[in-house]
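Colleague: Sharing final13.cif (mmCIF, C-alpha atoms) below.
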data_query
#
loop_
_atom_site.label_atom_id
_atom_site.label_comp_id
_atom_site.auth_asym_id
_atom_site.auth_seq_id
_atom_site.Cartn_x
_atom_site.Cartn_y
_atom_site.Cartn_z
CA MET A 204 0.00 0.00 0.00
CA SER A 205 2.82 2.38 0.90
CA ARG A 206 4.57 1.55 -2.40
CA LEU A 207 1.40 2.36 -4.27
CA LEU A 208 1.07 5.68 -2.49
CA ILE A 209 4.66 6.54 -3.43
CA ILE A 210 3.92 5.66 -7.06
CA ILE A 211 0.76 7.77 -6.98
CA PHE A 212 2.68 10.66 -5.46
CA PHE A 213 5.42 10.60 -8.10
CA MET A 214 3.01 10.10 -10.99
CA THR A 215 0.99 13.05 -9.75
CA LEU A 216 4.11 15.15 -9.31
CA ILE A 217 5.28 14.37 -12.84
CA SER A 218 1.89 15.10 -14.31
CA SER A 219 1.61 18.39 -12.48
CA CYS A 220 4.98 19.67 -13.71
CA THR A 221 3.88 22.43 -16.04
CA LYS A 222 6.25 25.18 -17.00
CA ASP A 223 5.77 28.65 -15.62
CA VAL A 224 8.88 30.20 -17.15
CA GLN A 225 8.73 32.64 -20.02
CA GLU A 226 10.54 30.91 -22.90
CA CYS A 227 10.70 33.07 -26.00
CA TYR A 228 12.87 31.99 -28.91
CA THR A 229 11.57 34.50 -31.45
CA PRO A 230 13.03 38.00 -31.73
CA THR A 231 10.60 40.48 -30.22
CA ASN A 232 12.28 43.30 -32.13
CA VAL A 233 11.90 42.41 -35.78
CA PRO A 234 14.87 43.48 -37.93
CA LEU A 235 14.76 44.71 -41.49
CA VAL A 236 17.30 42.61 -43.40
CA VAL A 237 19.53 44.48 -45.84
CA GLY A 238 21.43 42.53 -48.49
CA PHE A 239 24.53 43.70 -50.34
CA ARG A 240 24.88 42.95 -54.04
CA VAL A 241 27.26 43.94 -56.76
CA ILE A 242 26.74 44.63 -60.46
CA ASP A 243 29.86 43.19 -62.03
CA THR A 244 30.46 44.11 -65.68
CA VAL A 245 33.16 42.04 -67.41
CA VAL A 246 34.23 43.05 -70.92
CA LYS A 247 36.13 40.40 -72.88
CA VAL A 248 37.02 39.68 -76.45
CA ASP A 249 35.93 36.38 -77.93
CA SER A 250 37.93 34.12 -80.29
CA LEU A 251 36.78 36.10 -83.32
CA ASN A 252 37.99 39.30 -81.69
CA ARG A 253 34.45 40.55 -81.03
CA PRO A 254 33.70 42.39 -77.74
CA ASP A 255 31.86 40.14 -75.26
CA THR A 256 30.35 41.90 -72.25
CA THR A 257 28.96 39.96 -69.28
CA VAL A 258 26.89 41.72 -66.59
CA GLU A 259 26.67 39.69 -63.40
CA PHE A 260 24.50 40.37 -60.35
CA ARG A 261 25.73 38.61 -57.23
CA ASP A 262 25.99 38.95 -53.49
CA THR A 263 29.07 40.73 -52.30
CA ALA A 264 30.79 40.81 -48.94
CA LEU A 265 31.54 44.16 -47.31
CA TYR A 266 34.22 44.82 -44.72
CA PHE A 267 32.49 45.75 -41.47
CA PRO A 268 29.69 47.77 -43.09
CA LEU A 269 27.92 50.38 -40.98
CA LEU A 270 24.41 51.84 -41.11
CA HIS A 271 23.93 54.99 -39.06
CA THR A 272 20.72 56.70 -38.00
CA THR A 273 19.53 59.28 -35.51
CA VAL A 274 16.38 58.88 -33.39
CA GLY A 275 15.61 61.90 -31.26
CA ASP A 276 18.91 63.09 -29.92
CA THR A 277 20.55 59.67 -30.02
CA PHE A 278 22.90 58.50 -32.77
CA TYR A 279 22.74 54.74 -33.52
CA SER A 280 25.19 52.67 -35.55
CA PHE A 281 24.45 49.12 -36.75
CA GLN A 282 27.57 47.20 -37.70
CA GLY A 283 27.81 44.12 -39.91
CA ASP A 284 30.38 41.34 -39.71
CA ARG A 285 33.85 41.31 -41.22
CA SER A 286 32.64 40.00 -44.57
CA SER A 287 28.89 40.53 -44.47
CA THR A 288 26.62 39.94 -47.42
CA GLY A 289 23.73 41.26 -45.34
CA MET A 290 22.82 42.73 -41.96
CA GLY A 291 19.83 43.71 -39.87
CA ILE A 292 18.65 47.17 -38.88
CA PHE A 293 15.64 48.31 -36.89
CA LEU A 294 12.74 50.51 -37.85
CA ASN A 295 11.14 52.95 -35.46
CA PRO A 296 7.42 52.14 -34.86
CA ASP A 297 6.80 55.71 -33.68
CA THR A 298 7.39 57.08 -37.18
CA ASN A 299 6.69 56.03 -40.78
CA TYR A 300 10.03 57.16 -42.17
CA MET A 301 13.70 56.64 -41.31
CA GLN A 302 16.90 57.85 -42.84
CA TYR A 303 19.98 55.62 -42.73
CA LEU A 304 23.55 56.51 -43.76
CA LEU A 305 25.38 53.58 -45.29
CA GLN A 306 29.13 53.27 -44.83
CA PRO A 307 30.16 50.15 -46.82
CA ASN A 308 33.59 49.98 -45.21
CA GLN A 309 34.25 51.06 -41.65
CA ASP A 310 37.71 52.32 -42.61
CA VAL A 311 36.52 54.39 -45.58
CA PRO A 312 34.45 57.46 -44.62
CA LEU A 313 32.21 57.42 -47.68
CA LEU A 314 28.51 57.65 -46.88
CA ASP A 315 25.38 57.07 -48.97
CA THR A 316 21.89 58.03 -47.83
CA ILE A 317 18.87 55.67 -47.88
CA ASN A 318 15.37 56.85 -46.93
CA ILE A 319 12.90 54.12 -45.93
CA TYR A 320 9.12 54.71 -45.88
CA TYR A 321 6.97 52.09 -44.13
CA ASP A 322 3.78 51.18 -42.24
CA HIS A 323 3.68 49.13 -39.08
CA GLN A 324 1.12 46.90 -37.36
CA GLU A 325 0.98 45.06 -34.06
CA HIS A 326 1.48 41.31 -34.24
CA PHE A 327 0.92 38.70 -31.52
CA ILE A 328 3.77 36.17 -31.55
CA SER A 329 2.94 33.88 -28.63
CA ASN A 330 2.15 33.93 -24.92
CA ASP A 331 5.84 33.69 -24.10
CA CYS A 332 7.00 36.33 -26.57
CA GLY A 333 4.02 38.66 -26.43
CA TYR A 334 3.49 41.28 -29.11
CA THR A 335 5.84 42.87 -31.60
CA TYR A 336 5.59 45.14 -34.63
CA PHE A 337 5.61 43.92 -38.20
CA TYR A 338 6.42 46.45 -40.94
CA ASN A 339 5.50 46.91 -44.55
CA ILE A 340 8.03 48.80 -46.65
CA LYS A 341 6.33 51.25 -48.96
CA GLN A 342 9.18 53.05 -50.65
CA LEU A 343 12.95 53.46 -50.80
CA LYS A 344 14.67 56.66 -51.80
CA GLY A 345 18.37 57.33 -52.18
CA GLY A 346 20.25 60.53 -51.58
CA SER A 347 22.39 62.27 -54.12
CA PRO A 348 25.11 62.36 -55.13
CA ARG A 349 25.78 58.67 -54.61
CA LYS A 350 29.28 57.64 -53.67
CA LEU A 351 29.47 53.83 -53.77
CA LEU A 352 25.79 52.89 -53.93
CA ASP A 353 24.50 52.28 -57.44
CA SER A 354 20.84 51.35 -56.89
CA PHE A 355 18.47 49.56 -54.54
CA GLU A 356 15.27 47.50 -54.58
CA ILE A 357 12.62 46.19 -52.22
CA THR A 358 13.06 42.40 -52.31
CA ASN A 359 10.39 41.53 -49.76
CA PRO A 360 8.28 44.36 -48.32
CA GLU A 361 7.03 42.33 -45.32
CA VAL A 362 9.36 42.79 -42.37
CA SER A 363 8.48 39.96 -40.00
CA THR A 364 9.98 37.21 -37.90
CA THR A 365 10.82 35.19 -41.03
CA GLN A 366 14.04 37.26 -41.40
CA LYS A 367 14.08 37.07 -45.19
CA ARG A 368 16.04 39.73 -47.08
CA ASN A 369 13.85 42.82 -47.34
CA ILE A 370 15.94 45.24 -49.37
CA SER A 371 18.95 44.82 -51.63
CA LEU A 372 21.60 47.50 -52.11
CA TYR A 373 23.63 47.34 -55.33
CA PHE A 374 27.21 48.53 -55.68
CA THR A 375 29.19 48.92 -58.87
CA ASP A 376 32.43 46.99 -59.07
CA MET B 30 -1.17 17.64 -40.16
CA HIS B 31 -2.65 17.21 -36.62
CA LYS B 32 -6.11 16.57 -38.07
CA ALA B 33 -4.67 13.80 -40.25
CA LEU B 34 -2.97 12.26 -37.21
CA PHE B 35 -6.26 12.41 -35.31
CA ILE B 36 -8.12 10.65 -38.13
CA ILE B 37 -5.45 7.92 -38.18
CA PHE B 38 -5.77 7.46 -34.42
CA VAL B 39 -9.56 7.30 -34.66
CA ILE B 40 -9.40 4.72 -37.45
CA LEU B 41 -6.83 2.64 -35.55
CA GLY B 42 -8.97 2.82 -32.41
CA ALA B 43 -12.08 1.78 -34.33
CA LEU B 44 -10.19 -1.10 -35.97
CA LEU B 45 -8.93 -2.36 -32.62
CA ILE B 46 -12.43 -2.24 -31.16
CA GLU B 47 -13.82 -3.97 -34.27
CA VAL B 48 -11.22 -6.74 -34.15
CA LYS B 49 -11.87 -7.34 -30.47
CA ALA B 50 -15.63 -7.37 -31.09
CA CYS B 51 -15.25 -9.94 -33.89
CA PHE B 52 -13.25 -12.28 -31.69
CA GLY B 53 -15.84 -11.89 -28.94
CA GLN B 54 -18.71 -12.80 -31.30
CA GLU B 55 -16.92 -15.92 -32.52
CA LYS B 56 -16.55 -17.23 -28.99
CA ASP B 57 -20.22 -16.46 -28.20
CA SER B 58 -21.46 -18.29 -31.31
CA ILE B 59 -19.57 -21.42 -30.34
CA LYS B 60 -21.20 -21.36 -26.95
CA ILE B 61 -24.71 -20.89 -28.39
CA ASP B 62 -24.24 -23.73 -30.90
CA SER B 63 -23.19 -26.08 -28.17
CA VAL B 64 -26.31 -25.15 -26.17
CA MET B 65 -28.53 -25.77 -29.19
CA ASP B 66 -26.93 -29.17 -29.77
CA SER B 67 -27.72 -30.18 -26.25
CA ASN B 68 -31.37 -29.07 -26.72
CA LYS B 69 -31.68 -31.18 -29.86
CA THR B 70 -30.40 -34.18 -28.00
CA LYS B 71 -33.02 -33.67 -25.35
CA ALA B 72 -35.83 -33.38 -27.98
CA LYS B 73 -34.82 -36.66 -29.57
CA LYS B 74 -34.80 -38.38 -26.28
CA PHE B 75 -38.14 -37.21 -24.81
CA ALA B 76 -40.44 -36.59 -27.84
CA PRO B 77 -39.84 -39.23 -30.51
CA ARG B 78 -43.49 -40.40 -30.95
CA ASP B 79 -45.14 -37.45 -32.70
CA THR B 80 -43.84 -38.41 -36.11
CA THR B 81 -42.07 -41.26 -37.83
CA LEU B 82 -39.83 -41.20 -40.81
CA LEU B 83 -42.43 -42.94 -43.10
CA ASP B 84 -45.42 -40.87 -41.91
CA SER B 85 -43.60 -37.66 -42.39
CA LEU B 86 -43.35 -38.38 -46.17
CA SER B 87 -47.19 -38.30 -46.62
CA LYS B 88 -48.85 -34.91 -47.11
CA GLN B 89 -51.42 -35.50 -44.36
CA ASN B 90 -48.86 -36.20 -41.76
CA LEU B 91 -46.87 -33.20 -42.80
CA ILE B 92 -49.87 -30.92 -42.21
CA ASP B 93 -50.56 -32.62 -38.92
CA SER B 94 -47.10 -32.23 -37.78
CA LEU B 95 -47.14 -28.55 -38.66
CA ASN B 96 -50.48 -28.04 -36.91
CA ASN B 97 -49.29 -29.78 -33.84
CA GLN B 98 -47.08 -26.95 -32.65
CA ASP B 99 -46.48 -28.53 -29.27
CA SER B 100 -44.66 -31.41 -30.85
CA ILE B 101 -41.97 -29.18 -32.39
CA PRO B 102 -39.11 -28.62 -30.01
CA ARG B 103 -38.85 -24.88 -29.37
CA LYS B 104 -35.59 -23.19 -30.00
CA SER B 105 -34.30 -21.39 -26.98
CA LYS B 106 -34.27 -17.56 -27.40
CA LYS B 107 -30.88 -15.94 -27.85
CA GLN B 108 -30.19 -14.65 -24.41
CA LYS B 109 -28.03 -11.64 -23.72
CA PRO B 110 -25.00 -12.65 -21.73
CA ILE B 111 -25.21 -11.65 -18.12
CA PHE B 112 -22.19 -9.74 -16.94
CA GLU B 113 -21.26 -7.41 -14.17
CA ARG B 114 -22.03 -3.76 -14.80
CA GLN B 115 -20.54 -0.82 -13.09
CA LEU B 116 -20.97 2.92 -12.94
CA ARG B 117 -17.69 4.45 -11.91
CA PHE B 118 -17.01 7.97 -10.68
CA MET B 119 -13.45 9.19 -10.57
CA VAL B 120 -11.79 12.44 -9.66
CA ASP B 121 -8.53 13.68 -11.16
CA ILE B 122 -6.00 14.43 -8.44
CA SER B 123 -3.01 15.34 -10.61
CA HIS B 124 -4.22 18.75 -11.78
CA PRO B 125 -5.27 20.10 -8.35
CA ILE B 126 -1.82 19.17 -7.02
CA GLY B 127 -0.33 20.84 -10.08
CA ALA B 128 -2.35 23.96 -9.31
CA ILE B 129 -0.70 24.14 -5.88
CA LEU B 130 2.73 24.04 -7.50
CA ASN B 131 1.76 26.34 -10.36
CA PRO B 132 -1.21 28.54 -9.45
CA ASN B 133 -1.27 30.06 -12.95
CA ASN B 134 -2.88 26.87 -14.32
CA TYR B 135 -5.73 25.09 -12.62
CA THR B 136 -8.12 22.35 -13.74
CA PHE B 137 -10.68 20.34 -11.79
CA GLU B 138 -11.90 17.26 -13.57
CA LEU B 139 -14.36 14.41 -12.99
CA ASN B 140 -14.62 11.19 -14.95
CA THR B 141 -17.63 8.89 -15.18
CA ASP B 142 -17.81 5.66 -17.10
CA TYR B 143 -20.32 2.88 -17.56
CA ASN B 144 -19.93 -0.48 -19.31
CA PRO B 145 -22.93 -1.29 -21.53
CA TRP B 146 -20.73 -4.02 -23.01
CA LYS B 147 -18.63 -6.60 -21.21
CA ASP B 148 -15.30 -4.87 -21.76
CA ALA B 149 -16.12 -1.50 -23.27
CA PHE B 150 -17.12 1.71 -21.59
CA VAL B 151 -18.98 4.88 -22.42
CA VAL B 152 -17.07 7.74 -20.83
CA LEU B 153 -18.23 11.20 -19.83
CA GLU B 154 -15.76 13.68 -18.42
CA GLY B 155 -16.18 17.26 -17.38
CA GLY B 156 -14.69 20.01 -15.36
CA TYR B 157 -13.60 23.58 -15.29
CA GLY B 158 -10.43 25.55 -14.89
CA GLY B 159 -8.44 28.42 -16.19
CA GLY B 160 -5.14 30.13 -16.27
CA SER B 161 -3.39 33.41 -16.00
CA VAL B 162 -0.34 34.97 -17.57
CA ASN B 163 1.57 37.52 -15.56
CA TYR B 164 4.65 38.34 -17.57
CA ASP B 165 6.23 41.77 -17.82
CA ASN B 166 5.02 42.23 -21.38
CA LEU B 167 1.69 40.34 -21.21
CA LYS B 168 -0.98 39.94 -18.54
CA TYR B 169 -4.40 38.31 -18.72
CA LYS B 170 -6.68 35.70 -17.12
CA SER B 171 -8.94 33.08 -18.65
CA GLN B 172 -11.42 30.48 -17.47
CA ASN B 173 -13.59 27.83 -19.09
CA GLY B 174 -15.72 24.76 -18.59
CA PHE B 175 -15.42 21.61 -20.66
CA ILE B 176 -16.95 18.21 -21.34
CA ARG B 177 -15.59 15.18 -23.12
CA LEU B 178 -17.55 12.22 -24.46
CA GLY B 179 -16.01 9.01 -25.69
CA ILE B 180 -15.60 5.28 -25.54
CA GLU B 181 -12.98 3.03 -24.05
CA LYS B 182 -12.16 -0.58 -24.71
CA SER B 183 -10.22 -2.93 -22.52
CA PHE B 184 -7.02 -4.04 -24.17
CA PHE B 185 -6.91 -7.46 -22.48
CA ASP B 186 -9.52 -10.07 -21.56
CA PRO B 187 -10.29 -10.32 -17.83
CA LEU B 188 -8.39 -13.11 -16.11
CA TYR B 189 -11.36 -14.07 -13.92
CA THR B 190 -14.93 -12.97 -13.27
CA GLY B 191 -14.85 -9.63 -11.53
CA ASP B 192 -11.39 -8.76 -12.82
CA TRP B 193 -11.67 -5.01 -13.38
CA ASP B 194 -7.96 -4.26 -13.64
CA MET B 195 -7.44 -3.25 -17.22
CA VAL B 196 -5.46 -1.29 -19.76
CA THR B 197 -7.80 0.69 -21.96
CA LEU B 198 -7.64 2.35 -25.36
CA GLY B 199 -10.13 5.02 -26.19
CA ILE B 200 -11.18 8.04 -28.14
CA ARG B 201 -12.80 11.28 -26.99
CA TYR B 202 -14.45 14.34 -28.38
CA GLY B 203 -14.08 17.37 -26.17
CA MET B 204 -15.40 20.89 -26.20
CA ALA B 205 -14.81 23.91 -24.05
CA ILE B 206 -16.57 27.21 -23.65
CA GLY B 207 -14.95 30.08 -21.82
CA GLN B 208 -13.65 33.58 -21.80
CA ARG B 209 -10.22 35.08 -22.02
CA GLY B 210 -10.16 38.32 -20.11
CA ALA B 211 -8.76 41.62 -21.37
CA ALA B 212 -5.05 41.28 -22.11
CA THR B 213 -2.66 44.10 -21.26
CA TYR B 214 0.54 44.04 -23.25
CA ILE B 215 3.71 46.04 -23.83
CA ILE B 216 5.41 46.17 -27.22
CA PRO B 217 9.12 46.90 -27.16
CA ASN B 218 10.55 49.68 -29.30
CA PRO B 219 14.18 49.01 -30.27
CA PHE B 220 14.90 52.74 -29.96
CA GLY B 221 13.37 53.00 -26.48
CA GLY B 222 9.99 54.15 -25.22
CA ASN B 223 7.89 50.96 -25.09
CA SER B 224 4.18 51.30 -25.82
CA SER B 225 1.38 49.51 -23.95
CA ALA B 226 -2.15 48.63 -25.03
CA GLN B 227 -5.07 46.39 -24.09
CA THR B 228 -7.20 43.92 -26.06
CA GLU B 229 -10.92 43.37 -25.52
CA PRO B 230 -12.07 40.25 -23.61
CA LYS B 231 -12.88 37.36 -25.93
CA ASN B 232 -15.38 34.54 -25.52
CA PHE B 233 -14.21 31.32 -27.08
CA PHE B 234 -15.39 27.87 -28.10
CA ASN B 235 -12.78 25.22 -28.61
CA HIS B 236 -13.24 21.59 -29.61
CA TRP B 237 -10.77 18.77 -30.02
CA GLY B 238 -10.33 15.02 -30.44
CA GLU B 239 -8.31 12.70 -28.27
CA ALA B 240 -6.73 9.27 -28.46
CA THR B 241 -6.22 7.82 -25.01
CA ILE B 242 -4.47 4.98 -23.29
CA GLY B 243 -4.96 4.31 -19.62
CA LEU B 244 -4.84 1.92 -16.75
CA ARG B 245 -7.60 1.11 -14.22
CA PHE B 246 -6.74 -0.75 -11.09
CA GLU B 247 -9.16 -1.89 -8.38
CA LEU B 248 -7.23 -0.88 -5.30
CA LEU B 249 -9.85 -2.10 -2.83
CA PRO B 250 -13.30 -3.57 -3.62
CA GLN B 251 -15.08 -0.86 -5.64
CA LEU B 252 -12.28 1.66 -4.99
CA TYR B 253 -10.28 2.45 -8.12
CA THR B 254 -7.15 4.25 -9.13
CA GLY B 255 -5.53 4.70 -12.51
CA TRP B 256 -4.01 7.03 -15.02
CA GLN B 257 -4.74 8.23 -18.48
CA ILE B 258 -2.40 9.55 -21.18
CA ARG B 259 -4.04 11.66 -23.84
CA MET B 260 -2.97 12.80 -27.28
CA LYS B 261 -5.10 15.81 -28.15
CA PHE B 262 -5.75 17.31 -31.57
CA ASN B 263 -7.25 20.75 -31.69
CA LEU B 264 -10.05 20.93 -34.26
CA SER B 265 -10.33 24.71 -33.94
CA ALA B 266 -6.64 25.56 -33.87
CA ASN B 267 -7.04 28.63 -36.05
CA SER B 268 -9.57 30.32 -33.76
CA PHE B 269 -6.75 32.11 -31.92
CA LEU B 270 -4.59 32.85 -34.94
CA GLY B 271 -2.85 36.20 -34.39
CA GLN B 272 -4.65 36.68 -31.05
CA VAL B 273 -3.83 36.07 -27.44
CA ALA B 274 -4.67 32.41 -26.89
CA PRO B 275 -5.50 31.19 -23.35
CA ASN B 276 -2.40 29.64 -21.80
CA ASN B 277 -4.59 26.90 -20.31
CA ILE B 278 -7.87 25.76 -21.81
CA ALA B 279 -9.05 23.41 -19.08
CA GLY B 280 -9.47 19.95 -20.61
CA TYR B 281 -7.26 20.71 -23.60
CA GLY B 282 -4.13 22.60 -22.53
CA PRO B 283 -2.30 25.56 -24.05
CA GLY B 284 -4.67 27.13 -26.56
CA GLU B 285 -1.95 28.17 -28.99
CA GLN B 286 -0.79 24.56 -29.56
CA PRO B 287 -2.42 22.52 -32.36
CA THR B 288 -1.65 19.31 -30.46
CA ASN B 289 -1.16 18.61 -26.77
CA PHE B 290 -0.34 15.72 -24.50
CA GLY B 291 -2.32 15.29 -21.32
CA PHE B 292 -2.06 13.17 -18.22
CA ASN B 293 -4.58 12.45 -15.48
CA TYR B 294 -4.30 10.46 -12.32
CA TYR B 295 -7.62 9.30 -10.91
CA LEU B 296 -9.10 8.01 -7.70
CA GLY B 297 -12.66 6.77 -7.83
CA TYR B 298 -15.53 4.61 -6.66
CA ALA B 299 -17.73 2.22 -8.62
CA ILE B 300 -21.28 1.03 -8.09
CA LYS B 301 -21.65 -2.55 -9.37
CA TRP B 302 -24.56 -4.77 -10.27
CA LYS B 303 -25.31 -7.75 -12.50
CA LYS B 304 -27.67 -7.58 -15.44
#
Can the structure in the file be given as structure tokens, please?

Modeller:
Amino acid sequence: MSRLLIIIFFMTLISSCTKDVQECYTPTNVPLVVGFRVIDTVVKVDSLNRPDTTVEFRDTALYFPLLHTTVGDTFYSFQGDRSSTGMGIFLNPDTNYMQYLLQPNQDVPLLDTINIYYDHQEHFISNDCGYTYFYNIKQLKGGSPRKLLDSFEITNPEVSTTQKRNISLYFTD
Amino acid sequence: MHKALFIIFVILGALLIEVKACFGQEKDSIKIDSVMDSNKTKAKKFAPRDTTLLDSLSKQNLIDSLNNQDSIPRKSKKQKPIFERQLRFMVDISHPIGAILNPNNYTFELNTDYNPWKDAFVVLEGGYGGGSVNYDNLKYKSQNGFIRLGIEKSFFDPLYTGDWDMVTLGIRYGMAIGQRGAATYIIPNPFGGNSSAQTEPKNFFNHWGEATIGLRFELLPQLYTGWQIRMKFNLSANSFLGQVAPNNIAGYGPGEQPTNFGFNYYLGYAIKWKK
């Protein structure tokens, strides 16, 4: 009888073990993913001595790229890895527009301006993670004159927890 | 995907019950045949004079024999097998103990079953409960009532008359009605200055299917204990899509999960009679 009571006690204890710890494995601040690409134009001469031009679009790695912005009185810098082909930046849910300054190489003080226009909406992730903001990119505008940046495009306007590339920035080789 | 798994479990459960039922019928038919044989033997022994082999070939005798109903040995009516019946009431003790350890989830649950067949049960379960979330970025409470209806079949044949210790397989259909209270939440801003807001309370209806396996053990005469493991498949999983789902729908579990496992530990009492 006492053995049975011990078994009952442990079975009950096991069954009643429900978690009460907040376990969130999804980012609650959703980043906008920026990709870096290069337009590589190769001019060759074929066997018949005719000019043969190949234009290639491919991902390119930048050396510690930086994206700078100012919110209120605070200056923020987002830094990529040593050889990044992309990086994440944040959007401000209090506004519908942000201006970022792109510095492709941390050692070269050449800056290009990117203006991002967007909408945002609240999104429930889960009980553990709570709510976050999802964004929808409406428009991209570049500053002028451009230093290293050639062009840009919206690859995926939905900025969400999927972390797909949202915008692509093109550089000329 | 979870609906497909549920259908497979239901079909497997039905097949198991069907197979067991077929085997049961085969045994019963053998018993009935043997009883009929013994009746025929008795008829030959005690009523041989009403007809003879020669007389029975003439038309007149045939009519006579048909008119004389008393001379025909009556077939015994197919009698329903008499077996012990029981109405069992059980209370789940695992969830109340769990509520002491984790007051944010509580469920109180009763289980009743009755065996209209020798080794199969009709099961009715019900209860109520609720939950609360009290995180920094999300706070709300919810509560609901639920019922489950299903059948259970003993996995093994009883070893002796009155053997009620059994492993059971079963299926359930459950439904819950409740309300999730207003949820207060905070959304982080990566540049500082978090914003807070509140959602409206939401009434909900949730229904689900279950495949169960359990054990029933007669601890003392008419006093039972046992456990039940449940695989639950939410049939209304999308009802909370993009909304705050109750962290504990009593009877089902976390509302945001399309499938859940459940466990109950029961203590109960049975009323028995023979019919």

Colleague: What's the separation between CA of Gly174 (chain B) and CA of Trp256 (chain B), in Å to one decimal place?

Modeller: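 Distance between the two atoms: 21.5 Å.
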
Colleague: Please, which residues of chain B lie no more than 10 Å from chain A when the count uses all atoms listed in the file, and can they be set out as a PyMOL selection string?

Modeller: chain B and resi 121-135+162-168+214-225+248+254-256+258+270-276+283-285+291-296

Colleague: Could you dump the residues just selected with C-alpha atoms as a compact mmCIF listing (two decimals), in the frame of the given file?

Modeller:
# COMPACT_ATOMS: atom_id res chain seq x y z
CA ASP B 121 -8.53 13.68 -11.16
CA ILE B 122 -6.00 14.43 -8.44
CA SER B 123 -3.01 15.34 -10.61
CA HIS B 124 -4.22 18.75 -11.78
CA PRO B 125 -5.27 20.10 -8.35
CA ILE B 126 -1.82 19.17 -7.02
CA GLY B 127 -0.33 20.84 -10.08
CA ALA B 128 -2.35 23.96 -9.31
CA ILE B 129 -0.70 24.14 -5.88
CA LEU B 130 2.73 24.04 -7.50
CA ASN B 131 1.76 26.34 -10.36
CA PRO B 132 -1.21 28.54 -9.45
CA ASN B 133 -1.27 30.06 -12.95
CA ASN B 134 -2.88 26.87 -14.32
CA TYR B 135 -5.73 25.09 -12.62
CA VAL B 162 -0.34 34.97 -17.57
CA ASN B 163 1.57 37.52 -15.56
CA TYR B 164 4.65 38.34 -17.57
CA ASP B 165 6.23 41.77 -17.82
CA ASN B 166 5.02 42.23 -21.38
CA LEU B 167 1.69 40.34 -21.21
CA LYS B 168 -0.98 39.94 -18.54
CA TYR B 214 0.54 44.04 -23.25
CA ILE B 215 3.71 46.04 -23.83
CA ILE B 216 5.41 46.17 -27.22
CA PRO B 217 9.12 46.90 -27.16
CA ASN B 218 10.55 49.68 -29.30
CA PRO B 219 14.18 49.01 -30.27
CA PHE B 220 14.90 52.74 -29.96
CA GLY B 221 13.37 53.00 -26.48
CA GLY B 222 9.99 54.15 -25.22
CA ASN B 223 7.89 50.96 -25.09
CA SER B 224 4.18 51.30 -25.82
CA SER B 225 1.38 49.51 -23.95
CA LEU B 248 -7.23 -0.88 -5.30
CA THR B 254 -7.15 4.25 -9.13
CA GLY B 255 -5.53 4.70 -12.51
CA TRP B 256 -4.01 7.03 -15.02
CA ILE B 258 -2.40 9.55 -21.18
CA LEU B 270 -4.59 32.85 -34.94
CA GLY B 271 -2.85 36.20 -34.39
CA GLN B 272 -4.65 36.68 -31.05
CA VAL B 273 -3.83 36.07 -27.44
CA ALA B 274 -4.67 32.41 -26.89
CA PRO B 275 -5.50 31.19 -23.35
CA ASN B 276 -2.40 29.64 -21.80
CA PRO B 283 -2.30 25.56 -24.05
CA GLY B 284 -4.67 27.13 -26.56
CA GLU B 285 -1.95 28.17 -28.99
CA GLY B 291 -2.32 15.29 -21.32
CA PHE B 292 -2.06 13.17 -18.22
CA ASN B 293 -4.58 12.45 -15.48
CA TYR B 294 -4.30 10.46 -12.32
CA TYR B 295 -7.62 9.30 -10.91
CA LEU B 296 -9.10 8.01 -7.70

Colleague: Please compute the CA of Trp146 (chain B)-CA of Leu178 (chain B) distance, one decimal, in Å.

Modeller: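 Taking CA of Trp146 (chain B) and CA of Leu178 (chain B), their separation equals 16.6 Å.
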
Colleague: Please expand the PyMOL selection byres ((chain A and resi 251-267) around 12) into the concrete residues it hits in this file, giving the result as a PyMOL selection string.

Modeller: chain A and resi 237-250+268-270+280-290+305-311+351+368+371-376

Colleague: Could you write out as a ChimeraX atom specification the residues that the PyMOL selection byres ((chain B and resi 150) around 12) matches in the shown file?

Modeller: /B:46,114-117,140-149,151-153,178-184,193,195,197-201

Colleague: Care to translate the PyMOL selection byres ((chain A and resi 342) around 7) into actual residues of this file, as number ranges by chain?

Modeller: A: 319-321, 340-341, 343-344

Colleague: Put those residues in a file: C-alpha atoms, as a compact mmCIF listing (two decimals), in the coordinates of the input.

Modeller:
# COMPACT_ATOMS: atom_id res chain seq x y z
CA ILE A 319 12.90 54.12 -45.93
CA TYR A 320 9.12 54.71 -45.88
CA TYR A 321 6.97 52.09 -44.13
CA ILE A 340 8.03 48.80 -46.65
CA LYS A 341 6.33 51.25 -48.96
CA LEU A 343 12.95 53.46 -50.80
CA LYS A 344 14.67 56.66 -51.80

Colleague: Please list as a CSV table (one decimal) with C-alpha atoms, in the frame of the given file every residue within 10 Å of Gly282 (chain B), counting all atoms listed in the file and excluding residues in the same chain fewer than 3 positions away.

Modeller:
chain,number,residue,atom,x,y,z
B,134,ASN,CA,-2.9,26.9,-14.3
B,136,THR,CA,-8.1,22.4,-13.7
B,159,GLY,CA,-8.4,28.4,-16.2
B,160,GLY,CA,-5.1,30.1,-16.3
B,261,LYS,CA,-5.1,15.8,-28.2
B,263,ASN,CA,-7.2,20.8,-31.7
B,275,PRO,CA,-5.5,31.2,-23.4
B,276,ASN,CA,-2.4,29.6,-21.8
B,277,ASN,CA,-4.6,26.9,-20.3
B,278,ILE,CA,-7.9,25.8,-21.8
B,279,ALA,CA,-9.0,23.4,-19.1
B,285,GLU,CA,-2.0,28.2,-29.0
B,286,GLN,CA,-0.8,24.6,-29.6
B,287,PRO,CA,-2.4,22.5,-32.4
B,288,THR,CA,-1.6,19.3,-30.5
B,289,ASN,CA,-1.2,18.6,-26.8
B,290,PHE,CA,-0.3,15.7,-24.5
B,291,GLY,CA,-2.3,15.3,-21.3
